[in-house]
file input-v2.csv (CSV, C-alpha atoms)
chain,number,residue,atom,x,y,z
K,1,MET,CA,-60.2,20.7,274.9
K,2,HIS,CA,-63.2,23.0,274.5
K,3,ALA,CA,-65.2,24.2,271.5
K,4,VAL,CA,-66.8,27.7,271.9
K,5,ASP,CA,-69.9,28.5,269.9
K,6,SER,CA,-69.7,32.3,270.4
K,7,ALA,CA,-67.1,35.0,270.7
K,8,VAL,CA,-68.9,36.9,273.4
K,9,THR,CA,-67.9,35.4,276.7
K,10,PRO,CA,-67.8,36.6,280.4
K,11,GLY,CA,-64.5,37.8,281.8
K,12,ASN,CA,-63.9,34.7,283.9
K,13,TRP,CA,-64.8,32.3,281.0
K,14,ASP,CA,-61.5,30.4,281.1
K,15,HIS,CA,-62.1,29.7,284.8
K,16,TYR,CA,-65.6,28.3,284.1
K,17,ARG,CA,-64.3,26.1,281.3
K,18,SER,CA,-61.8,24.4,283.5
K,19,ALA,CA,-64.0,24.2,286.7
K,20,VAL,CA,-64.8,20.9,288.4
K,21,VAL,CA,-68.0,20.0,290.3
K,22,ASP,CA,-68.7,17.6,293.1
K,23,VAL,CA,-72.3,16.3,293.1
K,24,ARG,CA,-73.6,14.6,296.2
K,25,PHE,CA,-76.0,11.9,295.2
K,26,PRO,CA,-77.8,9.7,297.8
K,27,ASP,CA,-75.3,6.9,297.5
K,28,ARG,CA,-72.1,8.6,296.3
K,29,THR,CA,-70.4,11.8,295.7
K,30,VAL,CA,-69.2,12.2,292.1
K,31,HIS,CA,-66.4,14.5,291.0
K,32,VAL,CA,-67.0,15.7,287.5
K,33,GLU,CA,-64.1,17.2,285.4
K,34,PRO,CA,-64.0,18.5,281.9
K,35,ARG,CA,-62.1,16.5,279.3
K,36,PRO,CA,-61.6,16.7,275.5
K,37,ALA,CA,-64.8,16.8,273.4
K,38,GLY,CA,-66.1,13.4,272.7
K,39,THR,CA,-65.0,11.9,276.0
K,40,ALA,CA,-67.7,10.8,278.4
K,41,GLY,CA,-66.9,8.4,281.1
K,42,GLY,CA,-68.2,7.5,284.6
K,43,PHE,CA,-71.4,7.7,286.5
K,44,PHE,CA,-74.4,9.7,285.1
K,45,PRO,CA,-77.6,9.8,287.2
K,46,GLU,CA,-80.5,7.7,285.9
K,47,ALA,CA,-82.8,10.3,287.5
K,48,ALA,CA,-81.9,12.7,284.7
K,49,GLY,CA,-83.5,10.4,282.2
K,50,GLY,CA,-80.7,11.1,279.7
K,51,GLY,CA,-81.5,14.9,279.9
K,52,ALA,CA,-79.3,17.6,281.3
K,53,VAL,CA,-78.2,18.1,284.9
K,54,HIS,CA,-77.7,21.8,285.3
K,55,VAL,CA,-75.3,23.0,288.0
K,56,ILE,CA,-76.2,26.5,289.3
K,57,THR,CA,-74.9,28.6,292.1
K,58,ALA,CA,-76.0,31.9,293.7
K,59,TRP,CA,-72.6,32.5,295.2
K,60,ASN,CA,-70.5,35.6,294.4
K,61,PRO,CA,-72.8,37.3,292.0
K,62,TYR,CA,-71.4,39.3,289.1
K,63,GLY,CA,-68.0,37.7,289.6
K,64,ARG,CA,-67.4,39.6,292.9
K,65,THR,CA,-66.5,37.8,296.1
K,66,ALA,CA,-69.4,38.2,298.5
K,67,PRO,CA,-69.4,37.8,302.3
K,68,ALA,CA,-70.2,34.3,303.5
K,69,ASP,CA,-73.5,35.3,305.0
K,70,ALA,CA,-74.6,37.0,301.7
K,71,ASN,CA,-73.6,33.8,299.8
K,72,ALA,CA,-75.6,31.6,302.2
K,73,ARG,CA,-78.7,33.8,301.9
K,74,ALA,CA,-78.5,33.8,298.1
K,75,GLN,CA,-78.0,30.1,298.0
K,76,THR,CA,-81.0,29.6,300.3
K,77,LEU,CA,-83.1,31.7,297.9
K,78,LEU,CA,-81.9,29.6,294.9
K,79,LEU,CA,-82.8,26.4,296.7
K,80,ASP,CA,-86.2,27.8,297.6
K,81,GLU,CA,-86.8,28.6,293.9
K,82,VAL,CA,-85.8,25.1,292.8
K,83,ARG,CA,-88.1,23.5,295.4
K,84,ARG,CA,-90.9,25.9,294.5
K,85,ARG,CA,-90.6,24.6,290.9
K,86,GLY,CA,-90.8,21.0,292.1
K,87,LEU,CA,-87.4,20.1,290.5
K,88,ALA,CA,-85.3,17.1,291.4
K,89,TRP,CA,-81.9,18.3,292.7
K,90,TRP,CA,-78.8,17.3,294.6
K,91,SER,CA,-76.3,19.4,296.5
K,92,ALA,CA,-73.1,20.3,294.6
K,93,VAL,CA,-69.9,22.3,295.0
K,94,GLY,CA,-68.1,23.8,292.0
K,95,GLY,CA,-64.7,25.3,291.9
K,96,ASP,CA,-61.2,25.2,290.5
K,97,ALA,CA,-59.4,21.9,289.9
K,98,GLY,CA,-56.8,22.8,292.7
K,99,GLY,CA,-59.6,23.2,295.3
K,100,THR,CA,-58.6,26.8,296.3
K,101,HIS,CA,-62.0,28.3,295.1
K,102,ARG,CA,-65.2,26.5,296.0
K,103,GLU,CA,-68.9,27.6,295.7
K,104,GLU,CA,-71.9,25.8,297.0
K,105,SER,CA,-74.2,24.9,294.1
K,106,VAL,CA,-77.2,22.9,293.2
K,107,ALA,CA,-77.4,20.2,290.5
K,108,VAL,CA,-80.9,20.3,289.0
K,109,VAL,CA,-82.9,18.0,286.7
K,110,GLY,CA,-85.8,19.2,284.6
K,111,LEU,CA,-84.7,22.6,283.3
K,112,SER,CA,-84.1,23.5,279.7
K,113,ASP,CA,-80.8,25.3,278.9
K,114,ALA,CA,-82.7,28.6,278.5
K,115,ALA,CA,-84.4,28.1,281.9
K,116,ALA,CA,-81.1,27.3,283.6
K,117,ARG,CA,-79.5,30.4,282.1
K,118,ASP,CA,-82.4,32.5,283.2
K,119,LEU,CA,-82.2,31.1,286.7
K,120,GLY,CA,-78.4,31.8,286.8
K,121,ARG,CA,-78.9,35.3,285.5
K,122,ARG,CA,-81.6,35.9,288.1
K,123,PHE,CA,-78.9,35.2,290.8
K,124,GLY,CA,-76.3,37.3,289.1
K,125,GLN,CA,-74.3,34.5,287.6
K,126,ASP,CA,-72.0,34.7,284.5
K,127,ALA,CA,-72.5,31.0,283.6
K,128,VAL,CA,-74.1,27.7,284.5
K,129,PHE,CA,-73.0,24.1,283.7
K,130,ALA,CA,-75.0,21.6,281.7
K,131,TRP,CA,-73.9,17.9,282.1
K,132,THR,CA,-75.4,15.3,279.8
K,133,PRO,CA,-74.4,11.7,279.0
K,134,GLY,CA,-72.4,13.0,276.0
K,135,ALA,CA,-71.0,16.4,277.0
K,136,TRP,CA,-70.1,18.9,279.7
K,137,ARG,CA,-71.1,22.4,278.6
K,138,VAL,CA,-70.6,25.9,280.1
K,139,LEU,CA,-73.5,28.1,279.2
K,140,ALA,CA,-73.1,31.9,279.5
K,141,CYS,CA,-76.1,33.5,281.3
K,142,GLY,CA,-75.8,36.9,279.5
K,143,THR,CA,-75.1,35.7,276.0
K,144,ASP,CA,-75.5,32.7,273.8
K,145,ALA,CA,-71.9,31.6,274.4
K,146,VAL,CA,-71.4,27.8,275.0
K,147,ALA,CA,-68.2,26.0,275.6
K,148,VAL,CA,-68.5,22.3,274.9
K,149,SER,CA,-66.2,19.6,276.2
K,150,GLY,CA,-66.3,16.0,277.3
K,151,TRP,CA,-66.3,14.8,280.9
K,152,THR,CA,-65.1,12.2,283.2
K,153,ASN,CA,-65.8,11.6,286.8
K,154,SER,CA,-64.7,9.7,289.9
K,155,GLU,CA,-66.7,8.6,292.9
K,156,ASN,CA,-65.9,8.9,296.6
K,157,GLY,CA,-67.6,8.2,299.8
K,158,ARG,CA,-71.3,8.4,300.5
K,159,GLY,CA,-73.4,11.3,299.2
K,160,ALA,CA,-76.0,13.4,300.9
K,161,GLY,CA,-79.6,12.2,301.3
K,162,PRO,CA,-82.1,12.5,298.5
K,163,ARG,CA,-83.9,15.7,297.8

call {"tool": "encode", "arguments": {"input": "input-v2.csv", "output": "structure tokens"}}
result
Amino acid sequence: MHAVDSAVTPGNWDHYRSAVVDVRFPDRTVHVEPRPAGTAGGFFPEAAGGGAVHVITAWNPYGRTAPADANARAQTLLLDEVRRRGLAWWSAVGGDAGGTHREESVAVVGLSDAAARDLGRRFGQDAVFAWTPGAWRVLACGTDAVAVSGWTNSENGRGAGPR
């Protein structure tokens, strides 16, 4: 399902490769799931202009479960940084396909892969996601490792307001 461009990957790499993300757009919430490379189907935001939507969290730095208040503080700092940079963004939640592990995140337009990795690294993250019209990629923050897959998504309900 996934191609990996480097042998040096974080310890939780398999979890990141199979993670799903819910992105809350103004008019819908979209559930994005990895699929075999070459697969791309469903809604992709026009606001991205065909570029990448990077999904980044500040939760549970260094792969260690943090208390809820620490995660909330870190996520607020991440959102402050995204706002300071004037980037378009939507609220997101990433986690495992079974829904047992969920982390508040932000889906950001306007970053390069290098800038998204740097931002993830600044908040102690092993990896960030890059969603494009043609691929779903997991980008390691500490190395050049990239896992490439396809994606599909489904829509449900109304999303959060615009940012």

call {"tool": "residues_around", "arguments": {"input": "input-v2.csv", "residues": "range 115-131 of chain K", "least_positions_apart": "5", "cutoff": "7 Å", "atoms": "all atoms listed in the file", "output": "list in words"}}
result
Pro10, Ala52, Val53, His54, Val55, Ile56, Ala58, Pro61, Tyr62, Trp136, Arg137, Val138, Leu139, Ala140, Cys141 and Gly142 of chain K

call {"tool": "write_last_selection", "arguments": {"input": "input-v2.csv", "atoms": "C-alpha atoms", "output": "PDB file, keeping the file's coordinate frame"}}
result
ATOM      1  CA  PRO K  10     -67.800  36.600 280.400  1.00  0.00           C
ATOM      2  CA  ALA K  52     -79.300  17.600 281.300  1.00  0.00           C
ATOM      3  CA  VAL K  53     -78.200  18.100 284.900  1.00  0.00           C
ATOM      4  CA  HIS K  54     -77.700  21.800 285.300  1.00  0.00           C
ATOM      5  CA  VAL K  55     -75.300  23.000 288.000  1.00  0.00           C
ATOM      6  CA  ILE K  56     -76.200  26.500 289.300  1.00  0.00           C
ATOM      7  CA  ALA K  58     -76.000  31.900 293.700  1.00  0.00           C
ATOM      8  CA  PRO K  61     -72.800  37.300 292.000  1.00  0.00           C
ATOM      9  CA  TYR K  62     -71.400  39.300 289.100  1.00  0.00           C
ATOM     10  CA  TRP K 136     -70.100  18.900 279.700  1.00  0.00           C
ATOM     11  CA  ARG K 137     -71.100  22.400 278.600  1.00  0.00           C
ATOM     12  CA  VAL K 138     -70.600  25.900 280.100  1.00  0.00           C
ATOM     13  CA  LEU K 139     -73.500  28.100 279.200  1.00  0.00           C
ATOM     14  CA  ALA K 140     -73.100  31.900 279.500  1.00  0.00           C
ATOM     15  CA  CYS K 141     -76.100  33.500 281.300  1.00  0.00           C
ATOM     16  CA  GLY K 142     -75.800  36.900 279.500  1.00  0.00           C
TER      17      GLY K 142
END

call {"tool": "closest_residue", "arguments": {"input": "input-v2.csv", "among": "K:Trp151, K:Trp59, K:Phe44, K:Phe25", "to": "Gly95 in chain K", "atoms": "only C-alpha atoms"}}
result
K:Trp59

call {"tool": "closest_residue", "arguments": {"input": "input-v2.csv", "among": "K:Gly49, K:Leu77, K:Ala135, K:Ala19", "to": "His31 in chain K", "atoms": "all atoms listed in the file"}}
result
K:Ala19

call {"tool": "residues_near_point", "arguments": {"input": "input-v2.csv", "point": "(-89.0, 26.3, 288.5)", "cutoff": "9 Å", "atoms": "all atoms listed in the file", "output": "list in words"}}
result
Glu81, Val82, Arg83, Arg84, Arg85, Gly86, Leu87, Gly110, Leu111, Ala115 and Leu119 of chain K

call {"tool": "closest_residue", "arguments": {"input": "input-v2.csv", "among": "K:Thr65, K:Thr76, K:Thr152, K:Thr132", "to": "His101 in chain K", "atoms": "all atoms listed in the file"}}
result
K:Thr65

call {"tool": "closest_residue", "arguments": {"input": "input-v2.csv", "among": "K:Ala97, K:Ala74, K:Ala92, K:Ala145", "to": "Asp113 in chain K", "atoms": "all atoms listed in the file"}}
result
K:Ala145

call {"tool": "atom_distance", "arguments": {"input": "input-v2.csv", "atom1": "CA of Gln75 in chain K", "atom2": "CA of Val109 in chain K"}}
result
17.3 Å

call {"tool": "atom_distance", "arguments": {"input": "input-v2.csv", "atom1": "CA of Asp27 in chain K", "atom2": "CA of Arg73 in chain K"}}
result
27.5 Å

call {"tool": "atom_distance", "arguments": {"input": "input-v2.csv", "atom1": "CA of Ser154 in chain K", "atom2": "CA of Gly134 in chain K"}}
result
16.2 Å

call {"tool": "closest_residue", "arguments": {"input": "input-v2.csv", "among": "K:Arg64, K:Gly51, K:Pro36, K:Tyr16", "to": "Val108 in chain K", "atoms": "only C-alpha atoms"}}
result
K:Gly51

call {"tool": "closest_residue", "arguments": {"input": "input-v2.csv", "among": "K:Gly150, K:Gly99, K:Gly63, K:Pro133", "to": "Thr39 in chain K", "atoms": "all atoms listed in the file"}}
result
K:Gly150
